[in-house]
$ cat structure-v9.pdb   # PDB, C-alpha atoms
ATOM      1  CA  MET A  28      15.202  13.427 -10.962
ATOM      2  CA  THR A  29      12.548  15.551 -12.625
ATOM      3  CA  ALA A  30       9.095  16.395 -11.366
ATOM      4  CA  LEU A  31       7.598  13.986 -13.903
ATOM      5  CA  SER A  32       9.567  10.979 -12.696
ATOM      6  CA  PRO A  33       7.364   8.012 -11.753
ATOM      7  CA  ALA A  34       9.215   8.034  -8.430
ATOM      8  CA  THR A  35       6.881  10.904  -7.545
ATOM      9  CA  VAL A  36       4.212   8.299  -6.780
ATOM     10  CA  LEU A  37       6.177   7.327  -3.679
ATOM     11  CA  ALA A  38       7.622  10.796  -3.048
ATOM     12  CA  GLY A  39       4.157  12.356  -3.074
ATOM     13  CA  SER A  40       2.759   9.878  -0.572
ATOM     14  CA  ALA A  41       5.864  10.273   1.616
ATOM     15  CA  ASP A  42       5.043  13.973   1.719
ATOM     16  CA  ARG A  43       1.305  13.575   2.382
ATOM     17  CA  HIS A  44       1.293  10.363   4.455
ATOM     18  CA  ALA A  45       4.757  10.354   6.044
ATOM     19  CA  ASP A  46       3.786   8.411   9.170
ATOM     20  CA  THR A  47       1.365   5.992   7.497
ATOM     21  CA  VAL A  48       2.617   2.416   7.212
ATOM     22  CA  ALA A  49       3.339   1.863   3.521
ATOM     23  CA  VAL A  50       4.431  -1.787   3.607
ATOM     24  CA  ILE A  51       3.937  -4.682   5.998
ATOM     25  CA  ASP A  52       6.263  -7.623   5.385
ATOM     26  CA  GLY A  53       5.927 -10.114   8.214
ATOM     27  CA  ARG A  54       7.050  -8.289  11.332
ATOM     28  CA  VAL A  55       8.557  -5.451   9.325
ATOM     29  CA  ARG A  56       6.508  -2.261   9.100
ATOM     30  CA  VAL A  57       7.848   0.606   7.007
ATOM     31  CA  THR A  58       6.246   4.051   6.815
ATOM     32  CA  TYR A  59       6.071   6.112   3.642
ATOM     33  CA  ALA A  60       8.763   8.504   4.924
ATOM     34  CA  GLU A  61      11.053   5.562   5.754
ATOM     35  CA  LEU A  62      10.412   3.795   2.457
ATOM     36  CA  TRP A  63      11.151   6.915   0.406
ATOM     37  CA  LEU A  64      14.406   7.489   2.329
ATOM     38  CA  GLU A  65      15.426   3.840   1.865
ATOM     39  CA  ALA A  66      14.572   3.954  -1.832
ATOM     40  CA  ARG A  67      16.775   7.032  -2.302
ATOM     41  CA  CYS A  68      19.590   5.313  -0.385
ATOM     42  CA  TYR A  69      19.285   2.357  -2.769
ATOM     43  CA  GLY A  70      19.209   4.785  -5.686
ATOM     44  CA  ALA A  71      22.472   6.287  -4.444
ATOM     45  CA  GLY A  72      23.906   2.776  -4.256
ATOM     46  CA  LEU A  73      22.902   2.088  -7.844
ATOM     47  CA  ARG A  74      24.566   5.343  -8.898
ATOM     48  CA  ALA A  75      27.732   4.260  -7.093
ATOM     49  CA  ALA A  76      27.551   0.956  -9.022
ATOM     50  CA  GLY A  77      27.589   2.836 -12.324
ATOM     51  CA  VAL A  78      23.896   3.247 -13.119
ATOM     52  CA  ARG A  79      23.125   6.462 -14.985
ATOM     53  CA  GLY A  80      19.972   8.170 -16.164
ATOM     54  CA  GLY A  81      18.132   6.112 -18.754
ATOM     55  CA  ASP A  82      19.887   2.844 -17.861
ATOM     56  CA  ALA A  83      17.835  -0.248 -17.137
ATOM     57  CA  VAL A  84      18.133  -2.002 -13.779
ATOM     58  CA  ALA A  85      16.960  -5.618 -13.769
ATOM     59  CA  LEU A  86      15.313  -6.728 -10.531
ATOM     60  CA  LEU A  87      14.857 -10.289  -9.318
ATOM     61  CA  ALA A  88      12.911 -10.296  -6.045
ATOM     62  CA  PRO A  89       9.771 -11.896  -4.618
ATOM     63  CA  ASN A  90       7.026  -9.994  -2.801
ATOM     64  CA  VAL A  91       9.194  -8.602  -0.003
ATOM     65  CA  VAL A  92       9.787  -5.038   1.172
ATOM     66  CA  ASP A  93      13.083  -4.900  -0.744
ATOM     67  CA  PHE A  94      11.131  -5.048  -4.009
ATOM     68  CA  PRO A  95       9.637  -1.529  -3.692
ATOM     69  CA  ARG A  96      12.886  -0.262  -2.132
ATOM     70  CA  VAL A  97      14.884  -1.264  -5.222
ATOM     71  CA  TYR A  98      12.106  -0.564  -7.724
ATOM     72  CA  PHE A  99      11.611   3.032  -6.602
ATOM     73  CA  GLY A 100      15.323   3.389  -5.868
ATOM     74  CA  ALA A 101      16.053   2.712  -9.532
ATOM     75  CA  LEU A 102      13.426   5.255 -10.563
ATOM     76  CA  ALA A 103      14.836   7.807  -8.108
ATOM     77  CA  ALA A 104      18.246   7.311  -9.731
ATOM     78  CA  GLY A 105      16.719   8.159 -13.116
ATOM     79  CA  ALA A 106      16.912   4.562 -14.320
ATOM     80  CA  VAL A 107      14.311   2.154 -15.676
ATOM     81  CA  ALA A 108      13.202  -0.642 -13.331
ATOM     82  CA  VAL A 109      12.832  -3.958 -15.191
ATOM     83  CA  PRO A 110      11.544  -6.837 -13.013
ATOM     84  CA  VAL A 111      12.582 -10.143 -14.536
ATOM     85  CA  GLY A 112       9.815 -12.130 -12.868
ATOM     86  CA  VAL A 113       9.415 -14.544  -9.964
ATOM     87  CA  PRO A 114       9.297 -17.455 -10.547
ATOM     88  CA  VAL A 115      12.087 -17.031 -13.078
ATOM     89  CA  GLY A 116      10.954 -17.550 -16.660
ATOM     90  CA  PRO A 117      12.802 -18.097 -19.938
ATOM     91  CA  GLN A 118      12.797 -14.394 -20.796
ATOM     92  CA  ALA A 119      14.712 -13.420 -17.641
ATOM     93  CA  VAL A 120      18.121 -13.635 -19.325
ATOM     94  CA  GLN A 121      16.980 -11.529 -22.280
ATOM     95  CA  LEU A 122      15.589  -8.851 -19.976
ATOM     96  CA  ALA A 123      18.819  -8.815 -17.954
ATOM     97  CA  ARG A 124      20.931  -8.461 -21.099
ATOM     98  CA  GLU A 125      19.321  -5.089 -21.731
ATOM     99  CA  ALA A 126      20.142  -3.849 -18.226
ATOM    100  CA  ARG A 127      23.187  -2.113 -16.770
ATOM    101  CA  LEU A 128      23.135  -4.607 -13.876
ATOM    102  CA  LEU A 129      20.951  -7.108 -12.044
ATOM    103  CA  VAL A 130      19.812  -6.633  -8.444
ATOM    104  CA  CYS A 131      18.885  -9.976  -6.892
ATOM    105  CA  HIS A 132      17.236 -10.688  -3.551
ATOM    106  CA  THR A 133      19.346 -13.070  -1.502
ATOM    107  CA  SER A 134      16.495 -15.593  -1.371
ATOM    108  CA  HIS A 135      16.995 -16.079  -5.129
ATOM    109  CA  LEU A 136      20.774 -15.740  -5.265
ATOM    110  CA  ALA A 137      21.376 -19.029  -7.108
ATOM    111  CA  ALA A 138      19.006 -17.993  -9.901
ATOM    112  CA  GLY A 139      20.520 -14.502  -9.904
ATOM    113  CA  ARG A 140      24.005 -15.896 -10.412
ATOM    114  CA  ARG A 141      22.863 -17.980 -13.383
ATOM    115  CA  ILE A 142      21.044 -15.062 -15.008
ATOM    116  CA  SER A 143      23.962 -12.701 -14.411
ATOM    117  CA  ALA A 144      26.452 -15.139 -15.930
ATOM    118  CA  ARG A 145      24.335 -15.901 -18.987
ATOM    119  CA  ALA A 146      23.388 -12.268 -19.573
ATOM    120  CA  GLY A 147      26.908 -10.973 -18.949
ATOM    121  CA  VAL A 148      25.840  -8.221 -16.532
ATOM    122  CA  PRO A 149      27.126  -7.351 -13.035
ATOM    123  CA  LEU A 150      25.201  -8.710 -10.047
ATOM    124  CA  LEU A 151      24.269  -6.972  -6.801
ATOM    125  CA  THR A 152      22.358  -8.510  -3.919
ATOM    126  CA  VAL A 153      19.788  -7.024  -1.591
ATOM    127  CA  GLY A 154      18.113  -8.441   1.475
ATOM    128  CA  PRO A 155      19.173 -10.507   4.500
ATOM    129  CA  SER A 156      22.759 -11.676   4.457
ATOM    130  CA  ARG A 157      23.163 -15.348   3.509
ATOM    131  CA  GLY A 158      26.716 -15.668   4.744
ATOM    132  CA  PRO A 159      30.009 -14.940   2.944
ATOM    133  CA  SER A 160      29.534 -14.009  -0.684
ATOM    134  CA  ASP A 161      31.607 -12.524  -3.443
ATOM    135  CA  VAL A 162      28.589 -10.556  -4.690
ATOM    136  CA  PRO A 163      28.483  -6.875  -3.622
ATOM    137  CA  ARG A 164      25.511  -5.825  -1.484
ATOM    138  CA  LEU A 165      23.459  -2.849  -2.589
ATOM    139  CA  GLU A 166      22.987  -1.841   1.053
ATOM    140  CA  ASP A 167      26.752  -1.358   1.392
ATOM    141  CA  LEU A 168      26.943   0.986  -1.602
ATOM    142  CA  GLY A 169      24.235   3.459  -0.647
ATOM    143  CA  VAL A 170      24.646   6.678   1.265
ATOM    144  CA  THR A 171      22.008   8.610   3.166
ATOM    145  CA  PRO A 172      20.761  11.402   0.874
ATOM    146  CA  PRO A 173      19.740  14.838   2.111
ATOM    147  CA  GLY A 174      16.281  14.885   3.701
ATOM    148  CA  GLN A 175      13.614  15.511   1.109
ATOM    149  CA  THR A 176      10.043  14.361   0.743
ATOM    150  CA  SER A 177       8.272  17.344  -0.779
ATOM    151  CA  GLY A 178       8.830  19.341  -3.915
ATOM    152  CA  PHE A 179       7.748  16.629  -6.361
ATOM    153  CA  ALA A 180       4.553  17.108  -8.329
ATOM    154  CA  ASP A 181       2.460  13.957  -8.110
ATOM    155  CA  VAL A 182       1.965  13.868 -11.843
ATOM    156  CA  ASN A 183       1.587  10.902 -14.112
ATOM    157  CA  PRO A 184       1.714  12.230 -17.671
ATOM    158  CA  ALA A 185       0.202   9.044 -19.067
ATOM    159  CA  GLY A 186      -2.743   9.034 -16.652
ATOM    160  CA  ARG A 187      -3.484   7.347 -13.351
ATOM    161  CA  PRO A 188      -4.464   3.722 -12.921
ATOM    162  CA  GLU A 189      -8.157   3.731 -12.086
ATOM    163  CA  VAL A 190      -8.134   2.118  -8.658
ATOM    164  CA  ASP A 191     -10.867   2.429  -6.058
ATOM    165  CA  LEU A 192      -8.548   2.924  -3.068
ATOM    166  CA  ASP A 193      -8.078   5.525  -0.380
ATOM    167  CA  ASP A 194      -5.535   6.117   2.371
ATOM    168  CA  THR A 195      -7.485   4.028   4.895
ATOM    169  CA  ASP A 196      -7.293   0.834   2.832
ATOM    170  CA  VAL A 197      -5.092  -2.157   3.585
ATOM    171  CA  VAL A 198      -4.271  -4.066   0.386
ATOM    172  CA  LEU A 199      -3.078  -7.672   0.275
ATOM    173  CA  GLY A 200      -0.182  -7.962  -2.177
ATOM    174  CA  CYS A 201       0.030 -11.586  -3.255
ATOM    175  CA  LEU A 202       0.139 -11.183  -7.033
ATOM    176  CA  PRO A 203       3.781 -10.917  -8.190
ATOM    177  CA  LEU A 204       4.826  -7.265  -7.926
ATOM    178  CA  GLY A 205       7.024  -7.818 -10.977
ATOM    179  CA  GLY A 206       3.994  -8.589 -13.153
ATOM    180  CA  ARG A 207       2.041  -5.990 -15.116
ATOM    181  CA  PHE A 208      -1.030  -6.136 -12.892
ATOM    182  CA  GLY A 209       0.995  -6.318  -9.691
ATOM    183  CA  GLN A 210       3.052  -3.273 -10.653
ATOM    184  CA  ALA A 211       0.343  -1.012 -12.019
ATOM    185  CA  ILE A 212      -2.564  -1.827  -9.719
ATOM    186  CA  THR A 213      -1.282  -3.389  -6.503
ATOM    187  CA  LEU A 214       2.047  -1.582  -6.048
ATOM    188  CA  THR A 215       1.581   1.769  -7.764
ATOM    189  CA  GLY A 216      -2.144   2.029  -7.052
ATOM    190  CA  THR A 217      -1.661   1.390  -3.335
ATOM    191  CA  PHE A 218       1.206   3.860  -3.010
ATOM    192  CA  ARG A 219      -0.567   6.547  -5.007
ATOM    193  CA  ALA A 220      -3.550   6.322  -2.655
ATOM    194  CA  GLY A 221      -1.361   6.400   0.453
ATOM    195  CA  ALA A 222      -2.795   3.042   1.543
ATOM    196  CA  THR A 223      -0.981   0.150   3.238
ATOM    197  CA  LEU A 224       0.390  -2.801   1.263
ATOM    198  CA  VAL A 225       0.580  -6.147   3.097
ATOM    199  CA  LEU A 226       2.973  -8.508   1.315
ATOM    200  CA  LEU A 227       2.533 -12.253   1.035
ATOM    201  CA  GLY A 228       5.601 -13.872  -0.501
ATOM    202  CA  ARG A 229       4.156 -17.341  -1.110
ATOM    203  CA  PHE A 230       0.432 -17.562  -1.678
ATOM    204  CA  THR A 231      -1.687 -20.290  -0.142
ATOM    205  CA  GLY A 232      -5.362 -20.043   0.706
ATOM    206  CA  PRO A 233      -4.951 -20.575   4.473
ATOM    207  CA  ALA A 234      -1.990 -18.167   4.705
ATOM    208  CA  ALA A 235      -3.886 -15.480   2.802
ATOM    209  CA  LEU A 236      -7.020 -15.784   4.971
ATOM    210  CA  ASP A 237      -4.963 -15.705   8.165
ATOM    211  CA  LEU A 238      -3.089 -12.601   6.979
ATOM    212  CA  MET A 239      -6.311 -10.852   5.948
ATOM    213  CA  LEU A 240      -7.750 -11.352   9.418
ATOM    214  CA  ARG A 241      -4.572 -10.468  11.292
ATOM    215  CA  GLU A 242      -3.830  -7.257   9.364
ATOM    216  CA  GLN A 243      -7.487  -6.275   8.804
ATOM    217  CA  VAL A 244      -7.104  -6.256   5.021
ATOM    218  CA  THR A 245      -9.797  -4.330   3.125
ATOM    219  CA  VAL A 246      -8.837  -4.945  -0.540
ATOM    220  CA  PHE A 247      -7.709  -8.104  -2.353
ATOM    221  CA  HIS A 248      -6.376  -8.441  -5.918
ATOM    222  CA  GLY A 249      -6.092 -11.989  -7.249
ATOM    223  CA  THR A 250      -6.503 -14.535 -10.016
ATOM    224  CA  SER A 251      -9.166 -17.197 -10.490
ATOM    225  CA  ALA A 252      -6.813 -19.813  -9.043
ATOM    226  CA  MET A 253      -6.303 -17.673  -5.935
ATOM    227  CA  TYR A 254     -10.057 -17.270  -5.475
ATOM    228  CA  ALA A 255     -10.490 -21.045  -5.761
ATOM    229  CA  ALA A 256      -7.765 -21.563  -3.141
ATOM    230  CA  LEU A 257      -9.430 -19.064  -0.792
ATOM    231  CA  LEU A 258     -12.754 -20.829  -1.202
ATOM    232  CA  ASP A 259     -11.192 -24.205  -0.379
ATOM    233  CA  ALA A 260      -9.426 -22.730   2.650
ATOM    234  CA  ALA A 261     -12.690 -21.238   3.938
ATOM    235  CA  ARG A 262     -14.228 -24.648   4.666
ATOM    236  CA  GLY A 263     -14.729 -25.254   8.352
ATOM    237  CA  ARG A 264     -13.493 -21.817   9.442
ATOM    238  CA  ASP A 265     -15.328 -20.047  12.232
ATOM    239  CA  SER A 266     -14.550 -16.579  10.877
ATOM    240  CA  LEU A 267     -13.831 -15.242   7.418
ATOM    241  CA  PRO A 268     -12.474 -11.836   6.390
ATOM    242  CA  ARG A 269     -15.056  -9.283   5.271
ATOM    243  CA  LEU A 270     -13.269  -7.077   2.803
ATOM    244  CA  ARG A 271     -14.483  -3.820   1.328
ATOM    245  CA  ARG A 272     -13.435  -4.792  -2.174
ATOM    246  CA  TRP A 273     -12.491  -8.036  -3.925
ATOM    247  CA  VAL A 274     -10.922  -7.700  -7.387
ATOM    248  CA  SER A 275     -10.234 -10.477  -9.882
ATOM    249  CA  ARG A 276      -7.792  -9.967 -12.730
ATOM    250  CA  ALA A 277     -10.241 -11.679 -15.107
ATOM    251  CA  PRO A 278     -13.839 -12.928 -14.859
ATOM    252  CA  LEU A 279     -14.252 -15.894 -12.527
ATOM    253  CA  PRO A 280     -15.841 -19.089 -13.859
ATOM    254  CA  PRO A 281     -19.590 -18.885 -13.102
ATOM    255  CA  SER A 282     -19.645 -21.749 -10.575
ATOM    256  CA  LEU A 283     -16.628 -20.369  -8.698
ATOM    257  CA  ARG A 284     -18.090 -16.870  -8.740
ATOM    258  CA  GLN A 285     -21.402 -18.041  -7.305
ATOM    259  CA  ARG A 286     -19.835 -20.140  -4.563
ATOM    260  CA  PHE A 287     -17.348 -17.415  -3.601
ATOM    261  CA  THR A 288     -19.908 -14.619  -3.452
ATOM    262  CA  SER A 289     -22.181 -16.831  -1.350
ATOM    263  CA  THR A 290     -19.472 -17.993   1.053
ATOM    264  CA  PHE A 291     -17.881 -14.559   1.556
ATOM    265  CA  ASP A 292     -21.122 -12.585   1.153
ATOM    266  CA  THR A 293     -19.499 -10.172  -1.258
ATOM    267  CA  VAL A 294     -19.227  -8.883  -4.800
ATOM    268  CA  VAL A 295     -16.159  -9.721  -6.909
ATOM    269  CA  HIS A 296     -15.147  -6.937  -9.267
ATOM    270  CA  VAL A 297     -13.440  -7.733 -12.551
ATOM    271  CA  ALA A 298     -10.260  -5.807 -13.229
ATOM    272  CA  GLU A 299     -10.315  -6.073 -17.006
ATOM    273  CA  GLY A 300     -14.000  -6.633 -17.655
ATOM    274  CA  GLU A 301     -16.903  -4.377 -18.442
ATOM    275  CA  ARG A 302     -19.207  -5.401 -15.623
ATOM    276  CA  ASP A 303     -19.206  -6.614 -12.056
ATOM    277  CA  SER A 304     -18.583 -10.359 -12.231
ATOM    278  CA  SER A 305     -21.353 -11.160  -9.740
ATOM    279  CA  GLY A 306     -24.120  -9.507 -11.714
ATOM    280  CA  ARG A 307     -25.702  -8.449  -8.439
ATOM    281  CA  PRO A 308     -27.780  -5.300  -8.554
ATOM    282  CA  ASP A 309     -26.424  -2.148  -6.996
ATOM    283  CA  ALA A 310     -28.230  -1.681  -3.700
ATOM    284  CA  SER A 311     -28.660   2.029  -4.362
ATOM    285  CA  THR A 312     -30.103   1.754  -7.857
ATOM    286  CA  GLY A 313     -31.513  -1.754  -8.110
ATOM    287  CA  ARG A 314     -29.657  -2.184 -11.399
ATOM    288  CA  GLY A 315     -26.608  -4.175 -12.327
ATOM    289  CA  ARG A 316     -23.528  -2.156 -11.457
ATOM    290  CA  THR A 317     -20.781  -1.552 -13.981
ATOM    291  CA  ALA A 318     -17.393  -2.376 -12.479
ATOM    292  CA  ARG A 319     -14.770   0.353 -12.374
ATOM    293  CA  ARG A 320     -12.127  -0.277 -14.988
ATOM    294  CA  LEU A 321      -8.761  -1.125 -13.493
ATOM    295  CA  ARG A 322      -6.779  -1.379 -16.696
ATOM    296  CA  SER A 323      -3.234  -0.261 -16.171
ATOM    297  CA  ARG A 324      -1.815   2.630 -18.128
ATOM    298  CA  ARG A 325       1.812   3.181 -18.942
ATOM    299  CA  LEU A 326       3.498   4.910 -16.043
ATOM    300  CA  GLY A 327       6.308   7.343 -15.955
ATOM    301  CA  CYS A 328       8.362   9.470 -18.212
ATOM    302  CA  ARG A 329       9.315   8.967 -21.797
ATOM    303  CA  GLY A 330      11.340   5.860 -22.436
ATOM    304  CA  GLU A 331      10.194   3.896 -19.389
ATOM    305  CA  ARG A 332       9.589   0.264 -20.200
ATOM    306  CA  HIS A 333       7.008  -1.993 -18.637
ATOM    307  CA  ARG A 334       7.228  -5.625 -19.561
ATOM    308  CA  ARG A 335       4.889  -8.475 -18.935
ATOM    309  CA  GLY A 336       6.774 -11.116 -16.982
ATOM    310  CA  PRO A 337       5.815 -14.518 -15.662
ATOM    311  CA  GLY A 338       2.763 -14.302 -13.471
ATOM    312  CA  SER A 339       1.779 -10.867 -14.810
TER     313      SER A 339
END

$ encode --input "structure-v9.pdb" --output "structure tokens"
Amino acid sequence: MTALSPATVLAGSADRHADTVAVIDGRVRVTYAELWLEARCYGAGLRAAGVRGGDAVALLAPNVVDFPRVYFGALAAGAVAVPVGVPVGPQAVQLAREARLLVCHTSHLAAGRRISARAGVPLLTVGPSRGPSDVPRLEDLGVTPPGQTSGFADVNPAGRPEVDLDDTDVVLGCLPLGGRFGQAITLTGTFRAGATLVLLGRFTGPAALDLMLREQVTVFHGTSAMYAALLDAARGRDSLPRLRRWVSRAPLPPSLRQRFTSTFDTVVHVAEGERDSSGRPDASTGRGRTARRLRSRRLGCRGERHRRGPGS
């Protein structure tokens, strides 16, 4: 792995924020040092399965801690991580055909089997055991690599995603991590900042609000539909989360924007727009505030592919 590998996003934070919790997935809490070690173990497992530098590794997994383990494990092995999207879309088979193999989370094993058979690529599983299976487990192939967190320049030759995060933030990850926005902003942006990513596998308004309050979330990235669901779930609640930053992937409809900003007493920033979606004046200047651009930029070294999957 070279110093310009996109795996340096995680390696750099493992060096600077070793004991900070990187991912919260239910009761599971994984620090940056632990996540980087686990990713390299998974990378060793992929190598043992025949993956070589420049190969593509297809990944079918929901928003669980095994997603970043495999994603950065593939990058650490010198491969290209290609999420095929959850829920599974029609392009999943085509994406898998271009890969050396498919890694499938056990919660989606039935879909993984179908994709593997149609694409004609080997299948590995990752995640909790679901009983006897003829599919090899990635966890069983990996070996513990030598200890190493430092020595990687935290360099992104194509530029950094512009994300207003710092290492004290707690980010709710409910957009699919396999999508363009979820990868570039939620996953990579959080890890680059050394912040904490709280995963929500299945989004509902009540579940998201409860998780925000329980884990003291400070940043939310979502779609218009998610904001509408949060607004519906807020009715009749005694307490609502007060986040530092709310980000929408696209401008909210005016009526939804007005009701949400009133209910949550906040400003909603637009990820791919020119201006703050609320139009509220900046308290410090009295003028409308231009939102920080959060457009993703291509990550990683030459030849890395980023594809827009379902839900991206």

$ atom_distance --input "structure-v9.pdb" --atom1 "CA of Ser156 in chain A" --atom2 "CA of Ala126 in chain A"
24.1 Å

$ closest_residue --input "structure-v9.pdb" --among "A:Pro110, A:Pro203, A:Ala255, A:Glu125" --to "Gln285 in chain A" --atoms "all atoms listed in the file"
A:Ala255

$ resolve_selection --input "structure-v9.pdb" --expression "the PyMOL selection byres ((chain A and resi 50) around 6)" --output "list of chain:residue names"
A:Val48, A:Ala49, A:Ile51, A:Arg56, A:Val57, A:Thr223, A:Leu224, A:Val225

$ closest_residue --input "structure-v9.pdb" --among "A:Arg124, A:Arg79, A:Arg276, A:Arg286" --to "Val107 in chain A" --atoms "all atoms listed in the file"
A:Arg79

$ resolve_selection --input "structure-v9.pdb" --expression "the PyMOL selection byres ((chain A and resi 277) around 10)" --output "ChimeraX atom specification"
/A:249-251,274-276,278-280,296-300,304

$ write_last_selection --input "structure-v9.pdb" --atoms "C-alpha atoms" --output "mmCIF file, keeping the file's coordinate frame"
data_model
loop_
_atom_site.group_PDB
_atom_site.id
_atom_site.type_symbol
_atom_site.label_atom_id
_atom_site.label_comp_id
_atom_site.auth_asym_id
_atom_site.auth_seq_id
_atom_site.Cartn_x
_atom_site.Cartn_y
_atom_site.Cartn_z
ATOM 1 C CA GLY A 249 -6.092 -11.989 -7.249
ATOM 2 C CA THR A 250 -6.503 -14.535 -10.016
ATOM 3 C CA SER A 251 -9.166 -17.197 -10.490
ATOM 4 C CA VAL A 274 -10.922 -7.700 -7.387
ATOM 5 C CA SER A 275 -10.234 -10.477 -9.882
ATOM 6 C CA ARG A 276 -7.792 -9.967 -12.730
ATOM 7 C CA PRO A 278 -13.839 -12.928 -14.859
ATOM 8 C CA LEU A 279 -14.252 -15.894 -12.527
ATOM 9 C CA PRO A 280 -15.841 -19.089 -13.859
ATOM 10 C CA HIS A 296 -15.147 -6.937 -9.267
ATOM 11 C CA VAL A 297 -13.440 -7.733 -12.551
ATOM 12 C CA ALA A 298 -10.260 -5.807 -13.229
ATOM 13 C CA GLU A 299 -10.315 -6.073 -17.006
ATOM 14 C CA GLY A 300 -14.000 -6.633 -17.655
ATOM 15 C CA SER A 304 -18.583 -10.359 -12.231
#

$ atom_distance --input "structure-v9.pdb" --atom1 "CA of Val294 in chain A" --atom2 "CA of Phe247 in chain A"
11.8 Å

$ residues_around --input "structure-v9.pdb" --residues "Gly232 in chain A" --least-positions-apart "3" --cutoff "7 Å" --atoms "only C-alpha atoms" --output "PyMOL selection string"
chain A and resi 235-236+256-257+260

$ build_atoms --input "structure-v9.pdb" --residues "range 224-240 of chain A" --atoms "N, CA and C atoms" --output "short mmCIF file (atom, residue, chain, number, x, y, z; two decimals), keeping the file's coordinate frame"
data_model
loop_
_atom_site.label_atom_id
_atom_site.label_comp_id
_atom_site.auth_asym_id
_atom_site.auth_seq_id
_atom_site.Cartn_x
_atom_site.Cartn_y
_atom_site.Cartn_z
N LEU A 224 0.22 -1.59 2.04
CA LEU A 224 0.39 -2.80 1.26
C LEU A 224 0.93 -3.90 2.16
N VAL A 225 0.16 -4.99 2.30
CA VAL A 225 0.58 -6.15 3.10
C VAL A 225 1.09 -7.21 2.13
N LEU A 226 2.35 -7.59 2.26
CA LEU A 226 2.97 -8.51 1.32
C LEU A 226 2.87 -9.96 1.77
N LEU A 227 2.56 -10.81 0.82
CA LEU A 227 2.53 -12.25 1.03
C LEU A 227 3.45 -12.88 -0.01
N GLY A 228 4.59 -13.38 0.44
CA GLY A 228 5.60 -13.87 -0.50
C GLY A 228 5.19 -15.14 -1.22
N ARG A 229 4.57 -16.07 -0.50
CA ARG A 229 4.16 -17.34 -1.11
C ARG A 229 2.68 -17.54 -0.82
N PHE A 230 1.88 -17.50 -1.86
CA PHE A 230 0.43 -17.56 -1.68
C PHE A 230 -0.04 -18.97 -1.42
N THR A 231 -0.84 -19.13 -0.36
CA THR A 231 -1.69 -20.29 -0.14
C THR A 231 -3.00 -19.75 0.41
N GLY A 232 -4.07 -20.50 0.22
CA GLY A 232 -5.36 -20.04 0.71
C GLY A 232 -5.38 -19.81 2.21
N PRO A 233 -4.94 -20.79 3.02
CA PRO A 233 -4.95 -20.58 4.47
C PRO A 233 -4.08 -19.41 4.92
N ALA A 234 -2.88 -19.27 4.32
CA ALA A 234 -1.99 -18.17 4.70
C ALA A 234 -2.62 -16.82 4.36
N ALA A 235 -3.27 -16.74 3.21
CA ALA A 235 -3.89 -15.48 2.80
C ALA A 235 -5.04 -15.11 3.73
N LEU A 236 -5.90 -16.07 4.07
CA LEU A 236 -7.02 -15.78 4.97
C LEU A 236 -6.53 -15.36 6.35
N ASP A 237 -5.51 -16.06 6.85
CA ASP A 237 -4.96 -15.70 8.16
C ASP A 237 -4.40 -14.28 8.15
N LEU A 238 -3.69 -13.93 7.07
CA LEU A 238 -3.09 -12.60 6.98
C LEU A 238 -4.16 -11.52 6.83
N MET A 239 -5.21 -11.81 6.07
CA MET A 239 -6.31 -10.85 5.95
C MET A 239 -6.93 -10.52 7.30
N LEU A 240 -7.14 -11.56 8.11
CA LEU A 240 -7.75 -11.35 9.42
C LEU A 240 -6.79 -10.63 10.37
#
